[in-house]
Amino acid sequence: MKWEQVFASRASRMKASEIRELLKLLDQPDILSFAGGIPDPALFPTAAFQSAIADILSGPRAEAALQYSVSEGYKPLRDWIAGQMARIGVPCDADNILITSGSQQALDYLGKLFLSPRDTALVGWPTYLGALGAFNAYEPEYDRLDPHTNRTAADYADTAAAKGGRVKFAYMSVDFANPTGETLDAATRHGMLQLAQDLDIAIIEDAAYQSLRFDGDAVPPILALEIAQKGSIEAARTLYCGSFSKSLAPGLRVGWICGAREVIGKLVLMKQAADLHTSTLNQMAIADVAVLMFEGHVAKIRAAYRARRDAMLAALTTHMPAGITWTRPEGGMFIWITLPVGMDGADLLARSLQSQKVAFVPGSAFFADGSGRNTIRLSFSRADEATIGEGIKRLGILLRS
Ligand code: PMP
């Protein structure tokens with residue numbers, strides 16, 4: 001069967017990148033890996049989930065946990081999330097929240113809702129690789145969202161029109177971004193909001209790492225800034241995507257979208273058609289564990305990741321040769337390294353695996369146009385401090401050579 005001739009045009013945009021293929025090789029035991037940006041499983045609240053799930057399945061909620069359920073999501077969980085959103089400046093109620101199967105599903109749904117082929121999505125250069133993967137299925141064009149550019153709204157609109165569509169949204173990873181570790185300050189968030197207003201487009205605010213702040217003051221979400229301006233979430237163009245993956249456990253696949261009811265209502269219909277609802281047992285377990293210990297648990301993982309970030313920053317200062325710069329994240333899981341122009345991150349990875357057994361992700365994977373070859377992403381979330389020190393030392397040896 002010649003499958004290519006029956007695949008839809010969108011399938012041609014679904015390709016494993018060379019880098020993804022390379023990363024599959026990194027799971028060998030003798031490799032010191034700073035590649036995967038995933039939580040440390042030793043920090044999962046496993047015992048709390050064990051007793052929550054046992055309790056749900058042995059009590060009056062057992063039938064509801066195993067039966068079909070509503071597409072909006074488990075109401076006590078939506079209520080708990082609404083309470084959390086209010087605490088970060090987003091007054092809303094359960095009807096402003098749709099539970100999704102991880103925030104990855106939120107990105108897929110928002111791509112599906114907004115993008116017709118040839119429409120333009122504004123994304124960071126670099127941006128979250130999984131967002132590009134989610135949006136690609138809807139055959140968009142990308143344009144570079146750069147808070148420090150002096151490009152005007154008219155310029156963005158003209159560029160999109162020349163490509164045969166219009167700008168539909170701006171996507172941003174706002175706190176301790178994947179991949180750069182950087183946080184947008186309040187002035188930049190206001191600037192992004194103004195640009196979106198001038199273009200009359202939506203904002204997709206990806207807050208997957210929001211709860212992982214180690215130090216510095218929290219910056220209000222763009223959605224909070226917008227509600228402060230307009231008085232109500234119902235007038236907001238920002239759609240906030242949250243996740244329990246970094247705070248509690250990614251394997252349960254529970255995230256959410258928070259925004260105006262008009263958009264949430266449309267997304268509920270989309271979810272009904274796509275997968276009916278997110279696993280009810282998982283939503284119940286997340287709700288129970290969140291009520292029981294969310295704040296205490298995130299304080300514990302913040303302390304663990306803070307120590308690892310500090311170890312990585314200290315090791316970089318000690319071991320990196322001149323000409324190499326890096327970000328200093330206030331939270332999250334990532335540090336972004338800029339190598340001298342002309343040096344290639346993918347090339348460096350190949351050499352590093354061979355001679356130093358240290359892994360990381362070449363930065364060009366995170367650029368919609370494949371640029372950024374002289375960058376790499378390091379993750380400090382899964383290695384202990386001693387391993388971080390040793391790995392960065394080896395990377396320093398390689399870079400000096
Ligand atoms: N957004 C960002 C910026 C991420 O880094 C990730 C996970 N790597 C996600 C969204 C998706 O996470 P999840 O689907 O587990 O919520």
# chains A, B, ... in the order shown; residues from 1 in each chain; ligands from 1
$ residues_near_ligand --ligand "ligand 1" --cutoff "6 Å" --atoms "only C-alpha atoms and all ligand atoms" --output "short mmCIF file (atom, residue, chain, number, x, y, z; two decimals) with C-alpha atoms, in the first residue's frame"
data_model
loop_
_atom_site.label_atom_id
_atom_site.label_comp_id
_atom_site.auth_asym_id
_atom_site.auth_seq_id
_atom_site.Cartn_x
_atom_site.Cartn_y
_atom_site.Cartn_z
CA GLY A 102 -2.31 17.36 29.85
CA SER A 103 -1.67 20.88 28.58
CA GLN A 104 -0.36 19.25 25.41
CA TYR A 128 8.39 24.85 23.04
CA SER A 173 5.67 29.96 27.40
CA ASN A 178 10.93 25.64 27.81
CA ASP A 206 1.46 28.43 28.38
CA ALA A 208 3.14 24.71 32.43
CA SER A 243 -0.83 21.59 34.00
CA SER A 245 2.51 17.51 35.10
CA PRO A 250 2.72 13.91 34.28
CA GLY A 255 -4.13 19.90 32.58
#
$ closest_atom_pairs --of "stretch 263-363 of chain A" --to "stretch 217-241 of chain A" --cutoff "10 Å" --atoms "only C-alpha atoms" --output "Markdown table"
| residue | atom | partner | partner_atom | distance |
| --- | --- | --- | --- | --- |
| A:Val263 | CA | A:Leu239 | CA | 8.6 |
| A:Ile264 | CA | A:Leu239 | CA | 9.2 |
| A:Glu330 | CA | A:Asp217 | CA | 9.2 |
$ write_last_selection --atoms "N, CA and C atoms" --output "PDB file, in the first residue's frame"
ATOM      1  N   VAL A 263     -15.265  30.781  24.596  1.00  0.00           N
ATOM      2  CA  VAL A 263     -14.247  29.908  23.990  1.00  0.00           C
ATOM      3  C   VAL A 263     -14.276  28.533  24.672  1.00  0.00           C
ATOM      4  N   ILE A 264     -14.405  28.513  25.992  1.00  0.00           N
ATOM      5  CA  ILE A 264     -14.432  27.234  26.713  1.00  0.00           C
ATOM      6  C   ILE A 264     -15.590  26.371  26.192  1.00  0.00           C
ATOM      7  N   GLU A 330      14.770  31.653  37.149  1.00  0.00           N
ATOM      8  CA  GLU A 330      14.273  31.779  38.528  1.00  0.00           C
ATOM      9  C   GLU A 330      13.400  30.598  38.916  1.00  0.00           C
TER      10      GLU A 330
END
$ closest_residue --among "A:Ala177, A:Ile53, A:Ala260, A:Leu378" --to "A:Asn96" --atoms "only C-alpha atoms"
A:Ala260
$ residues_around --residues "stretch 383-393 of chain A" --least-positions-apart "3" --cutoff "8 Å" --atoms "only C-alpha atoms" --output "list in words"
Leu32, Ser33, Phe34, Ala307, Arg308, Ala311, Met312, Ala315, Leu316, His319, Val358, Phe380, Gly396 and Ile397 of chain A
$ atom_distance --atom1 "atom CA of A:Asn136" --atom2 "atom CA of A:Asp119"
11.2 Å
$ atom_distance --atom1 "atom CA of A:Ala274" --atom2 "atom CA of A:Phe135"
16.2 Å
$ select_by_dssp --residues "stretch 249-328 of chain A" --states "strand (DSSP E)" --output "count of residues only"
6
$ residues_around --residues "A:Thr188" --least-positions-apart "2" --cutoff "12 Å" --atoms "only C-alpha atoms" --output "CSV table (one decimal) with N, CA and C atoms, in the first residue's frame"
chain,number,residue,atom,x,y,z
A,145,LEU,N,7.8,36.0,17.1
A,145,LEU,CA,7.3,36.8,18.1
A,145,LEU,C,8.5,37.3,19.0
A,146,ASP,N,8.9,38.5,18.8
A,146,ASP,CA,10.0,39.0,19.6
A,146,ASP,C,9.7,40.2,20.3
A,147,PRO,N,9.6,40.1,21.7
A,147,PRO,CA,9.2,41.2,22.5
A,147,PRO,C,10.1,42.4,22.3
A,148,HIS,N,11.3,42.3,21.8
A,148,HIS,CA,12.2,43.4,21.7
A,148,HIS,C,12.4,43.9,20.3
A,149,THR,N,11.5,43.5,19.4
A,149,THR,CA,11.5,44.0,18.1
A,149,THR,C,10.7,45.3,18.0
A,172,MET,N,2.9,31.8,23.9
A,172,MET,CA,4.1,32.1,24.7
A,172,MET,C,4.2,31.2,25.9
A,174,VAL,N,5.4,31.4,29.4
A,174,VAL,CA,5.7,32.7,30.1
A,174,VAL,C,6.6,32.6,31.3
A,183,THR,N,11.8,34.1,32.0
A,183,THR,CA,10.4,34.5,32.4
A,183,THR,C,10.1,35.9,31.8
A,184,LEU,N,8.9,36.1,31.2
A,184,LEU,CA,8.6,37.4,30.6
A,184,LEU,C,8.2,38.3,31.8
A,185,ASP,N,8.9,39.5,31.8
A,185,ASP,CA,8.5,40.4,32.9
A,185,ASP,C,7.2,41.1,32.6
A,186,ALA,N,6.7,41.8,33.6
A,186,ALA,CA,5.3,42.4,33.5
A,186,ALA,C,5.2,43.4,32.3
A,190,HIS,N,2.6,43.1,29.2
A,190,HIS,CA,1.7,44.2,28.8
A,190,HIS,C,1.9,44.5,27.3
A,191,GLY,N,3.2,44.5,26.8
A,191,GLY,CA,3.5,44.7,25.4
A,191,GLY,C,2.9,43.7,24.5
A,192,MET,N,2.9,42.4,25.0
A,192,MET,CA,2.4,41.3,24.2
A,192,MET,C,0.8,41.5,24.1
A,193,LEU,N,0.3,41.9,25.2
A,193,LEU,CA,-1.2,42.1,25.3
A,193,LEU,C,-1.6,43.2,24.3
A,194,GLN,N,-0.8,44.2,24.3
A,194,GLN,CA,-1.1,45.4,23.4
A,194,GLN,C,-1.0,44.9,21.9
A,195,LEU,N,0.1,44.2,21.6
A,195,LEU,CA,0.2,43.7,20.3
A,195,LEU,C,-1.0,42.8,19.8
A,219,VAL,N,5.4,36.9,38.6
A,219,VAL,CA,4.8,37.9,37.7
A,219,VAL,C,3.4,37.5,37.4
A,220,PRO,N,2.4,38.4,37.4
A,220,PRO,CA,1.0,38.0,37.2
A,220,PRO,C,0.9,37.5,35.8
A,221,PRO,N,0.0,36.5,35.6
A,221,PRO,CA,-0.2,35.9,34.3
A,221,PRO,C,-0.8,37.0,33.4
A,222,ILE,N,-0.5,36.9,32.0
A,222,ILE,CA,-1.1,37.8,31.1
A,222,ILE,C,-2.6,37.9,31.3
A,225,LEU,N,-3.4,40.3,34.0
A,225,LEU,CA,-3.2,41.7,33.5
A,225,LEU,C,-4.4,42.1,32.7
$ select_by_dssp --residues "stretch 144-246 of chain A" --states "alpha helix (DSSP H)" --output "PyMOL selection string"
chain A and resi 153-162+186-199+222-230
$ write_last_selection --atoms "C-alpha atoms" --output "mmCIF file, in the first residue's frame"
data_model
loop_
_atom_site.group_PDB
_atom_site.id
_atom_site.type_symbol
_atom_site.label_atom_id
_atom_site.label_comp_id
_atom_site.auth_asym_id
_atom_site.auth_seq_id
_atom_site.Cartn_x
_atom_site.Cartn_y
_atom_site.Cartn_z
ATOM 1 C CA ALA A 153 1.014 45.030 14.229
ATOM 2 C CA ALA A 154 0.547 46.141 10.600
ATOM 3 C CA ASP A 155 3.837 44.510 9.675
ATOM 4 C CA TYR A 156 2.812 41.186 11.260
ATOM 5 C CA ALA A 157 -0.605 41.381 9.560
ATOM 6 C CA ASP A 158 0.913 42.148 6.122
ATOM 7 C CA THR A 159 3.409 39.290 6.454
ATOM 8 C CA ALA A 160 0.579 36.868 7.280
ATOM 9 C CA ALA A 161 -1.582 38.134 4.405
ATOM 10 C CA ALA A 162 1.312 37.621 1.974
ATOM 11 C CA ALA A 186 5.338 42.399 33.496
ATOM 12 C CA ALA A 187 6.230 45.151 30.996
ATOM 13 C CA THR A 188 6.819 42.561 28.270
ATOM 14 C CA ARG A 189 3.525 40.852 29.123
ATOM 15 C CA HIS A 190 1.741 44.206 28.785
ATOM 16 C CA GLY A 191 3.502 44.725 25.435
ATOM 17 C CA MET A 192 2.367 41.309 24.187
ATOM 18 C CA LEU A 193 -1.190 42.058 25.261
ATOM 19 C CA GLN A 194 -1.095 45.363 23.402
ATOM 20 C CA LEU A 195 0.221 43.673 20.251
ATOM 21 C CA ALA A 196 -2.552 41.052 20.451
ATOM 22 C CA GLN A 197 -5.102 43.821 20.897
ATOM 23 C CA ASP A 198 -3.742 45.738 17.905
ATOM 24 C CA LEU A 199 -3.859 42.582 15.774
ATOM 25 C CA ILE A 222 -1.087 37.827 31.077
ATOM 26 C CA LEU A 223 -4.669 36.724 31.717
ATOM 27 C CA ALA A 224 -4.571 38.487 35.112
ATOM 28 C CA LEU A 225 -3.206 41.696 33.550
ATOM 29 C CA GLU A 226 -5.950 41.566 30.954
ATOM 30 C CA ILE A 227 -8.733 40.989 33.506
ATOM 31 C CA ALA A 228 -7.386 43.942 35.530
ATOM 32 C CA GLN A 229 -7.769 46.101 32.394
ATOM 33 C CA LYS A 230 -11.143 44.834 31.239
#
$ atom_distance --atom1 "atom CA of A:Ala368" --atom2 "atom CA of A:Leu353"
25.6 Å
$ closest_residue --among "A:Ser247, A:Gly181, A:Lys15, A:His277" --to "A:Tyr74" --atoms "only C-alpha atoms"
A:His277
$ residues_around --residues "A:Ser355" --least-positions-apart "6" --cutoff "10 Å" --atoms "only C-alpha atoms" --output "list in words"
Leu349, Arg394, Leu395 and Leu398 of chain A
$ closest_residue --among "A:Trp256, A:Tyr109, A:Trp3, A:Tyr171" --to "A:Thr127" --atoms "only C-alpha atoms"
A:Tyr171
$ residues_around --residues "A:Ser279" --least-positions-apart "4" --cutoff "9 Å" --atoms "only C-alpha atoms" --output "ChimeraX atom specification"
/A:65-66,68-69,73,101,252-254,283-284
$ closest_residue --among "A:Glu295, A:Asp344, A:Asp288, A:Asp175" --to "A:Asp55" --atoms "only C-alpha atoms"
A:Asp288
$ closest_residue --among "A:Pro60, A:Glu141, A:Ala170, A:Ile99" --to "A:Asp275" --atoms "only C-alpha atoms"
A:Ile99
$ closest_residue --among "A:Leu248, A:Gly133, A:Ala121, A:Ile97" --to "A:Ala47" --atoms "only C-alpha atoms"
A:Leu248
$ residues_around --residues "A:Pro76" --least-positions-apart "3" --cutoff "9 Å" --atoms "only C-alpha atoms" --output "number ranges by chain"
A: 73, 79-81, 94, 284, 287
